[in-house]
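Take a look at the structure set out below.
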Amino acid sequence: MKFTEFKLSAATLKGLKAHGFEVATEIQRKVIPPMLKGRDVVGQAKTGSGKTLAFGIPIIERINEQIRRVQAVIICPTRELAKQISEELSKAATFTKIKTVTIYGGVSYQKQLEKIQHGAQIIAATPGRLLDHLKQGLKVRPKIIILDEADKMFEMGFYEDVSLILRKLRSNHPQQFGFFGATLPNQTISLAKRYMKDPVIITIKSMVEESIPESIEQFYYISADTGDKFNILINLLDELENTHEKQGNGIKILIFTKTRIETKRLSHELNQMGFRAAYINSDMKQFSREKTLERFQSDGTLLVATDVVARGIDIDNVTHVINYNLPQDIKSYIHRIGRTGRMGKKGIAITFITPEELGIINAIEQKFNTTIKRRYFHKRRRPNYL
Ligand code: ADP
Ligand code: MG
């Protein structure tokens with residue numbers, strides 16, 4: 001179904017078209033019509049299925065652009081996500097006067113307040129900072145309130161904050177609520193019961209949620225020990241850089257480690273071996289996290305990250321995901337490798353395991369009814385640059 005088949009304004013259609021959005025995804029097809037009518041919606045669909053525009057398009061349609069005050073508030077777990085949401089909304093709102101402000105910690109309160117006072121109609125915020133603003137007297141009475149990645153927010157311990165925010169945002173006027181996430185935990189349901197009126201509940205089958213896209217090819221290497229693993233990694237990276245250089249197309253590789261410390265250590269070791277690797281983790285200041293992501297997006301090739309930071313971030317054109325360690329649980333495997341092969345593009349996922357972890361590879365294959373092919377490492381000596 002094309003966006004032109006929805007009852008959307010000419011300006012929104014133009015904005016969508018200008019950014020290459022033509023056919024609605026499944027969740028968008030199901031969420032947009034009831035939300036346009038003002039219905040409350042609970043929406044569950046896997047990561048990467050287009051939930052942002054599913055609620056974003058109705059928000060833009062329902063906002064009165066002549067009124068220069070906050071009409072919609074979107075609450076989401078991370079700063080990166082808040083920025084990403086406002087960017088996505090700005091695309092659809094390109095040909096309107098609608099302005100979005102992002103509210104998150106680590107930056108000046110005053111600038112954020114000024115933007116609100118200058119007439120932004122949409123707030124995309126993380127719970128902590130939004131609550132700070134509200135406690136300090138910020139008054140907003142939005143007609144639309146969205147929780148995005150509600151499941152993730154609750155997982156991160158934001159349930160109390162989110163509940164408090166919802167209470168503070170309540171007004172006597174009718175309000176529309178939309179709660180979204182990749183899963184539907186009890187907390188989402190209980191908030192829905194408390195706040196929503198006769199909600200439309202949309203779940204895109206969990207079979208779909210738990211299937212690995214055909215566009216991702218999966219491999220694994222068995223390494224004997226840590227030293228061996230690093231050796232395999234650098235040889236692999238050499239090979240990838242060489243073949244892609246010959247073919248003239250860029251590579252963007254996301255490497256996952258288990259801990260924050262490891263992101264730093266591994267990228268440092270890679271840099272010492274002559275690679276250009278950056279790292280990102282939640283210890284870093286907001287500003288450097290943003291810069292790191294921007295740089296990776298524009299001309300980076302290697303980024304070492306933890307699950308927490310990577311989830312929910314939409315980095316374009318990741319060609320390879322490398323699991324330098326297996327994730328804590330099998331579900332995270334899908335989330336990690338889902339950073340590549342997005343929207344039908346090709347992607348490659350490579351996982352490093354120890355011989356004892358072979359059983360986990362088998363478990364992943366069975367659970368997701370997929371094949372992860374074994375690759376062998378042929379010892380080569382890499383010229384030592386240093
Ligand atoms: P989710 O929130 O479900 O994880 P996003 O809203 O972040 O997914 O969307 C994932 C990616 O898909 C984004 O890059 C977004 O721009 C793109 N996208 C969303 N809707 C469409 C569409 N209808 N057609 C093409 N690309 C889309
Ligand atoms: Mg999302």
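In the structure tokens, the first chain shown is A, the next is B, and so on; residue numbers restart at 1 for each chain, and ligands run from 1 in the order shown.
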Once you count only C-alpha atoms and all ligand atoms, what closest atom pair and distance in Å to one decimal does each residue of chain A within 8 Å of ligand 1 have, with rows by chain and rising residue number, as CSV?
residue,atom,partner,partner_atom_place_in_ligand_line,distance
A:Phe3,CA,ligand 1,23 (N),8.0
A:Gly20,CA,ligand 1,25 (C),6.9
A:Phe21,CA,ligand 1,24 (N),4.5
A:Glu22,CA,ligand 1,24 (N),6.0
A:Val23,CA,ligand 1,23 (N),4.9
A:Ala24,CA,ligand 1,23 (N),4.0
A:Thr25,CA,ligand 1,23 (N),4.9
A:Gln28,CA,ligand 1,23 (N),7.3
A:Ala45,CA,ligand 1,3 (O),6.3
A:Lys46,CA,ligand 1,3 (O),5.9
A:Thr47,CA,ligand 1,4 (O),3.4
A:Gly48,CA,ligand 1,4 (O),3.4
A:Ser49,CA,ligand 1,3 (O),3.8
A:Gly50,CA,ligand 1,6 (O),3.4
A:Lys51,CA,ligand 1,3 (O),3.8
A:Thr52,CA,ligand 1,6 (O),3.7
A:Leu53,CA,ligand 1,6 (O),5.7
A:Ala54,CA,ligand 1,6 (O),7.5
A:Gln84,CA,ligand 1,7 (O),7.9
A:Ile85,CA,ligand 1,7 (O),7.7
A:Glu88,CA,ligand 1,16 (O),6.6
A:Asp148,CA,ligand 1,2 (O),7.9
A:Glu149,CA,ligand 1,2 (O),7.8
A:Gly181,CA,ligand 1,3 (O),7.8
A:Ala182,CA,ligand 1,3 (O),7.4
A:Gly312,CA,ligand 1,4 (O),6.3
A:Ile313,CA,ligand 1,7 (O),7.5
A:Asp314,CA,ligand 1,7 (O),6.1
A:Ile315,CA,ligand 1,14 (O),7.8
A:Asp316,CA,ligand 1,14 (O),7.0
A:Arg342,CA,ligand 1,11 (C),7.3
A:Met343,CA,ligand 1,12 (O),6.2
Give me the region 314-379 of chain A side of the contact with region 210-215 of chain A, cut-off 10 Å, one line per residue showing its nearest atom pair and distance in Å at one decimal, counting only C-alpha atoms, sorted by chain and residue number, as a Markdown table.
| residue | atom | partner | partner_atom | distance |
| --- | --- | --- | --- | --- |
| A:Lys331 | CA | A:Glu210 | CA | 8.2 |
| A:Tyr333 | CA | A:Ile212 | CA | 9.8 |
| A:Ile334 | CA | A:Ile212 | CA | 6.8 |
| A:His335 | CA | A:Ile212 | CA | 9.6 |
| A:Ile337 | CA | A:Ile212 | CA | 8.6 |
| A:Gly338 | CA | A:Ile212 | CA | 7.7 |
| A:Thr340 | CA | A:Ser215 | CA | 8.8 |
| A:Gly341 | CA | A:Ser215 | CA | 5.5 |
| A:Arg342 | CA | A:Ser215 | CA | 8.0 |
| A:Met343 | CA | A:Ser215 | CA | 8.9 |
| A:Gly344 | CA | A:Ser215 | CA | 6.1 |
| A:Lys345 | CA | A:Ser215 | CA | 6.4 |
| A:Lys346 | CA | A:Ser215 | CA | 4.9 |
| A:Gly347 | CA | A:Ser215 | CA | 6.1 |
| A:Ile348 | CA | A:Ser215 | CA | 8.3 |
| A:Lys367 | CA | A:Glu210 | CA | 8.4 |
| A:Phe368 | CA | A:Ser211 | CA | 5.7 |
| A:Asn369 | CA | A:Ser211 | CA | 7.7 |
| A:Thr370 | CA | A:Ile212 | CA | 7.3 |
| A:Thr371 | CA | A:Ile212 | CA | 9.9 |
Could you give me the residues within region 66-181 of chain A that DSSP places in strand (DSSP E or B), as a list of chain:residue names?
A:Ala72, A:Val73, A:Ile74, A:Ile75, A:Thr100, A:Val101, A:Thr102, A:Ile103, A:Ile122, A:Ile123, A:Ala124, A:Ala125, A:Ile144, A:Ile145, A:Ile146, A:Leu147, A:Gln176, A:Phe177, A:Gly178, A:Phe179, A:Phe180, A:Gly181
For the residues in that selection, give me N, CA and C atoms as an mmCIF file, in the first residue's frame.
data_model
loop_
_atom_site.group_PDB
_atom_site.id
_atom_site.type_symbol
_atom_site.label_atom_id
_atom_site.label_comp_id
_atom_site.auth_asym_id
_atom_site.auth_seq_id
_atom_site.Cartn_x
_atom_site.Cartn_y
_atom_site.Cartn_z
ATOM 1 N N ALA A 72 2.513 17.513 20.683
ATOM 2 C CA ALA A 72 2.812 16.078 20.780
ATOM 3 C C ALA A 72 4.113 15.869 21.543
ATOM 4 N N VAL A 73 4.122 14.861 22.402
ATOM 5 C CA VAL A 73 5.338 14.516 23.143
ATOM 6 C C VAL A 73 5.651 13.041 22.894
ATOM 7 N N ILE A 74 6.880 12.780 22.492
ATOM 8 C CA ILE A 74 7.326 11.401 22.267
ATOM 9 C C ILE A 74 8.413 11.098 23.283
ATOM 10 N N ILE A 75 8.236 10.034 24.029
ATOM 11 C CA ILE A 75 9.222 9.670 25.045
ATOM 12 C C ILE A 75 9.912 8.385 24.601
ATOM 13 N N THR A 100 10.329 20.354 15.599
ATOM 14 C CA THR A 100 10.513 19.402 16.682
ATOM 15 C C THR A 100 11.670 19.834 17.556
ATOM 16 N N VAL A 101 11.549 19.633 18.857
ATOM 17 C CA VAL A 101 12.690 19.885 19.739
ATOM 18 C C VAL A 101 13.045 18.580 20.440
ATOM 19 N N THR A 102 14.344 18.313 20.556
ATOM 20 C CA THR A 102 14.766 17.116 21.287
ATOM 21 C C THR A 102 15.236 17.518 22.677
ATOM 22 N N ILE A 103 14.815 16.715 23.646
ATOM 23 C CA ILE A 103 15.098 17.027 25.046
ATOM 24 C C ILE A 103 15.846 15.839 25.639
ATOM 25 N N ILE A 122 6.447 19.668 18.526
ATOM 26 C CA ILE A 122 6.695 18.281 18.921
ATOM 27 C C ILE A 122 7.921 18.222 19.825
ATOM 28 N N ILE A 123 7.818 17.458 20.905
ATOM 29 C CA ILE A 123 8.979 17.186 21.749
ATOM 30 C C ILE A 123 9.320 15.707 21.611
ATOM 31 N N ALA A 124 10.600 15.416 21.340
ATOM 32 C CA ALA A 124 11.078 14.029 21.410
ATOM 33 C C ALA A 124 12.065 14.003 22.562
ATOM 34 N N ALA A 125 11.803 13.205 23.595
ATOM 35 C CA ALA A 125 12.570 13.341 24.826
ATOM 36 C C ALA A 125 12.923 12.013 25.476
ATOM 37 N N ILE A 144 -1.208 14.646 21.883
ATOM 38 C CA ILE A 144 -0.739 13.303 21.537
ATOM 39 C C ILE A 144 0.480 12.954 22.395
ATOM 40 N N ILE A 145 0.471 11.773 22.984
ATOM 41 C CA ILE A 145 1.587 11.320 23.810
ATOM 42 C C ILE A 145 2.004 9.927 23.343
ATOM 43 N N ILE A 146 3.287 9.811 22.995
ATOM 44 C CA ILE A 146 3.789 8.530 22.473
ATOM 45 C C ILE A 146 4.890 7.997 23.384
ATOM 46 N N LEU A 147 4.845 6.718 23.673
ATOM 47 C CA LEU A 147 5.990 6.039 24.268
ATOM 48 C C LEU A 147 6.607 5.190 23.168
ATOM 49 N N GLN A 176 -4.583 11.703 23.020
ATOM 50 C CA GLN A 176 -4.388 10.455 22.288
ATOM 51 C C GLN A 176 -3.060 9.827 22.719
ATOM 52 N N PHE A 177 -3.090 8.506 22.963
ATOM 53 C CA PHE A 177 -1.877 7.814 23.390
ATOM 54 C C PHE A 177 -1.468 6.753 22.387
ATOM 55 N N GLY A 178 -0.158 6.631 22.198
ATOM 56 C CA GLY A 178 0.364 5.545 21.366
ATOM 57 C C GLY A 178 1.570 4.945 22.065
ATOM 58 N N PHE A 179 1.523 3.642 22.327
ATOM 59 C CA PHE A 179 2.662 2.968 22.973
ATOM 60 C C PHE A 179 3.249 1.971 21.986
ATOM 61 N N PHE A 180 4.570 2.053 21.779
ATOM 62 C CA PHE A 180 5.196 1.194 20.773
ATOM 63 C C PHE A 180 6.407 0.462 21.329
ATOM 64 N N GLY A 181 6.727 -0.651 20.706
ATOM 65 C CA GLY A 181 7.911 -1.410 21.104
ATOM 66 C C GLY A 181 8.054 -2.667 20.283
#
Which distance in Å separates CA of Arg129 (chain A) and CA of Leu113 (chain A), to one decimal?
11.6 Å
How far is it from CA of Thr12 (chain A) to CA of Phe95 (chain A), in Å with one decimal?
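According to the coordinates, CA of Thr12 (chain A) and CA of Phe95 (chain A) are separated by 6.9 Å.
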I'd like the neighbourhood of Asn362 (chain A) as a tab-separated table (two decimals) with N, CA, C and O atoms, in the first residue's frame, where a residue qualifies if any of its atoms comes within 12 Å (using only C-alpha atoms), though same-chain residues fewer than 3 positions away should be ignored.
chain	number	residue	atom	x	y	z
A	220	TYR	N	30.33	-18.17	11.25
A	220	TYR	CA	31.03	-18.14	12.54
A	220	TYR	C	32.43	-18.70	12.40
A	220	TYR	O	32.71	-19.50	11.50
A	330	ILE	N	20.20	-15.15	23.49
A	330	ILE	CA	20.01	-15.44	22.07
A	330	ILE	C	19.25	-14.33	21.36
A	330	ILE	O	19.51	-14.02	20.21
A	353	ILE	N	33.35	-17.59	18.21
A	353	ILE	CA	33.04	-18.41	19.38
A	353	ILE	C	34.25	-19.23	19.79
A	353	ILE	O	35.19	-19.42	19.02
A	356	GLU	N	33.69	-24.40	23.02
A	356	GLU	CA	32.61	-24.76	23.95
A	356	GLU	C	31.29	-24.09	23.58
A	356	GLU	O	30.23	-24.50	24.04
A	357	GLU	N	31.38	-23.01	22.81
A	357	GLU	CA	30.15	-22.26	22.51
A	357	GLU	C	29.42	-22.75	21.26
A	357	GLU	O	28.40	-22.18	20.87
A	358	LEU	N	29.93	-23.81	20.67
A	358	LEU	CA	29.32	-24.33	19.45
A	358	LEU	C	27.83	-24.65	19.67
A	358	LEU	O	27.00	-24.44	18.79
A	359	GLY	N	27.52	-25.13	20.87
A	359	GLY	CA	26.13	-25.45	21.20
A	359	GLY	C	25.21	-24.26	21.10
A	359	GLY	O	24.03	-24.38	20.74
A	365	GLU	N	20.58	-21.38	15.61
A	365	GLU	CA	20.10	-21.90	14.32
A	365	GLU	C	18.71	-22.52	14.47
A	365	GLU	O	17.83	-22.30	13.65
A	366	GLN	N	18.54	-23.28	15.56
A	366	GLN	CA	17.25	-23.94	15.75
A	366	GLN	C	16.15	-22.96	16.07
A	366	GLN	O	15.07	-22.99	15.49
A	367	LYS	N	16.46	-22.05	17.00
A	367	LYS	CA	15.43	-21.11	17.42
A	367	LYS	C	14.92	-20.25	16.27
A	367	LYS	O	13.73	-20.00	16.14
A	368	PHE	N	15.83	-19.82	15.43
A	368	PHE	CA	15.42	-18.92	14.36
A	368	PHE	C	15.31	-19.62	13.01
A	368	PHE	O	15.14	-18.97	11.99
A	369	ASN	N	15.43	-20.93	13.04
A	369	ASN	CA	15.32	-21.72	11.82
A	369	ASN	C	16.20	-21.13	10.72
A	369	ASN	O	15.73	-20.77	9.64
A	370	THR	N	17.48	-21.01	11.04
A	370	THR	CA	18.40	-20.36	10.12
A	370	THR	C	19.70	-21.15	10.04
A	370	THR	O	19.88	-22.12	10.79
A	371	THR	N	20.57	-20.77	9.14
A	371	THR	CA	21.85	-21.46	9.02
A	371	THR	C	22.99	-20.49	9.23
A	371	THR	O	23.01	-19.41	8.63
A	372	ILE	N	23.89	-20.86	10.10
A	372	ILE	CA	25.11	-20.06	10.30
A	372	ILE	C	26.26	-20.94	9.83
A	372	ILE	O	26.49	-22.01	10.38
A	373	LYS	N	26.93	-20.48	8.78
A	373	LYS	CA	27.95	-21.34	8.18
A	373	LYS	C	29.29	-21.19	8.88
A	373	LYS	O	29.68	-20.09	9.25
A	374	ARG	N	29.97	-22.31	8.99
A	374	ARG	CA	31.30	-22.23	9.61
A	374	ARG	C	32.31	-21.74	8.59
A	374	ARG	O	32.29	-22.13	7.43
Would you list, as JSON, numbers by chain, the residues of region 289-357 of chain A that end up in alpha helix (DSSP H) under DSSP run on this structure's backbone?
{"A": [289, 290, 291, 292, 293, 294, 295, 296, 297, 298, 299, 307, 308, 309, 310, 330, 331, 332, 333, 334, 335, 336, 337]}
Test item: residues at most 10 Å from Ile253 (chain A), only C-alpha atoms, excluding those fewer than 5 positions along its chain, as a list in words:
Leu237, Leu240, Ala277, Phe296, Gly300, Thr301, Leu302, Leu303, Val304, Asn317, Val318, Thr319, His320, Val321, Ile322, Arg339, Thr340, Ile348 and Ala349 of chain A
Of A:Glu80, A:Phe158, A:Thr243, A:Asn235, the one sitting nearest Thr292 (chain A) when using only C-alpha atoms is A:Glu80
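When only C-alpha atoms are used to compute distances to Tyr221 (chain A), the closest of the residues A:His244, A:Arg69, A:Arg141, A:His378 turns out to be A:His378.
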Top pick for closest residue to ligand 2, considering A:Ile251, A:Ala10, A:Val70, A:Cys76 and counting only C-alpha atoms and all ligand atoms:
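Closest to ligand 2 of all the choices is A:Cys76.
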Exercise: Pro199 (chain A) partners within 8 Å, only C-alpha atoms, chain neighbours under 6 positions left out, as an mmCIF file with C-alpha atoms, in the first residue's frame:
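Writing done, so here's part30.cif:
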data_model
loop_
_atom_site.group_PDB
_atom_site.id
_atom_site.type_symbol
_atom_site.label_atom_id
_atom_site.label_comp_id
_atom_site.auth_asym_id
_atom_site.auth_seq_id
_atom_site.Cartn_x
_atom_site.Cartn_y
_atom_site.Cartn_z
ATOM 1 C CA ARG A 39 -7.691 6.411 18.335
ATOM 2 C CA ASP A 40 -5.284 5.160 20.978
ATOM 3 C CA VAL A 41 -2.886 2.534 19.670
ATOM 4 C CA VAL A 42 -0.582 -0.090 21.129
ATOM 5 C CA ALA A 192 -2.425 1.206 28.405
#
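Considering the residues A:Glu290, A:Asp307, A:Glu61, A:Glu217 and counting only C-alpha atoms, Leu36 (chain A) has its shortest atom-to-atom contact with A:Glu61.
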Shortest contact to ligand 2, candidates A:Gly274, A:Gly137, A:Gly56, A:Gly227, atoms counted only C-alpha atoms and all ligand atoms, goes to A:Gly56
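With only C-alpha atoms and all ligand atoms as the atoms that count, the residue of A:Asp329, A:Asp151, A:Asp283, A:Asp161 with the shortest distance to ligand 2 is A:Asp151.
CA of Leu293 (chain A) is positioned 26.2 Å from CA of Lys17 (chain A).
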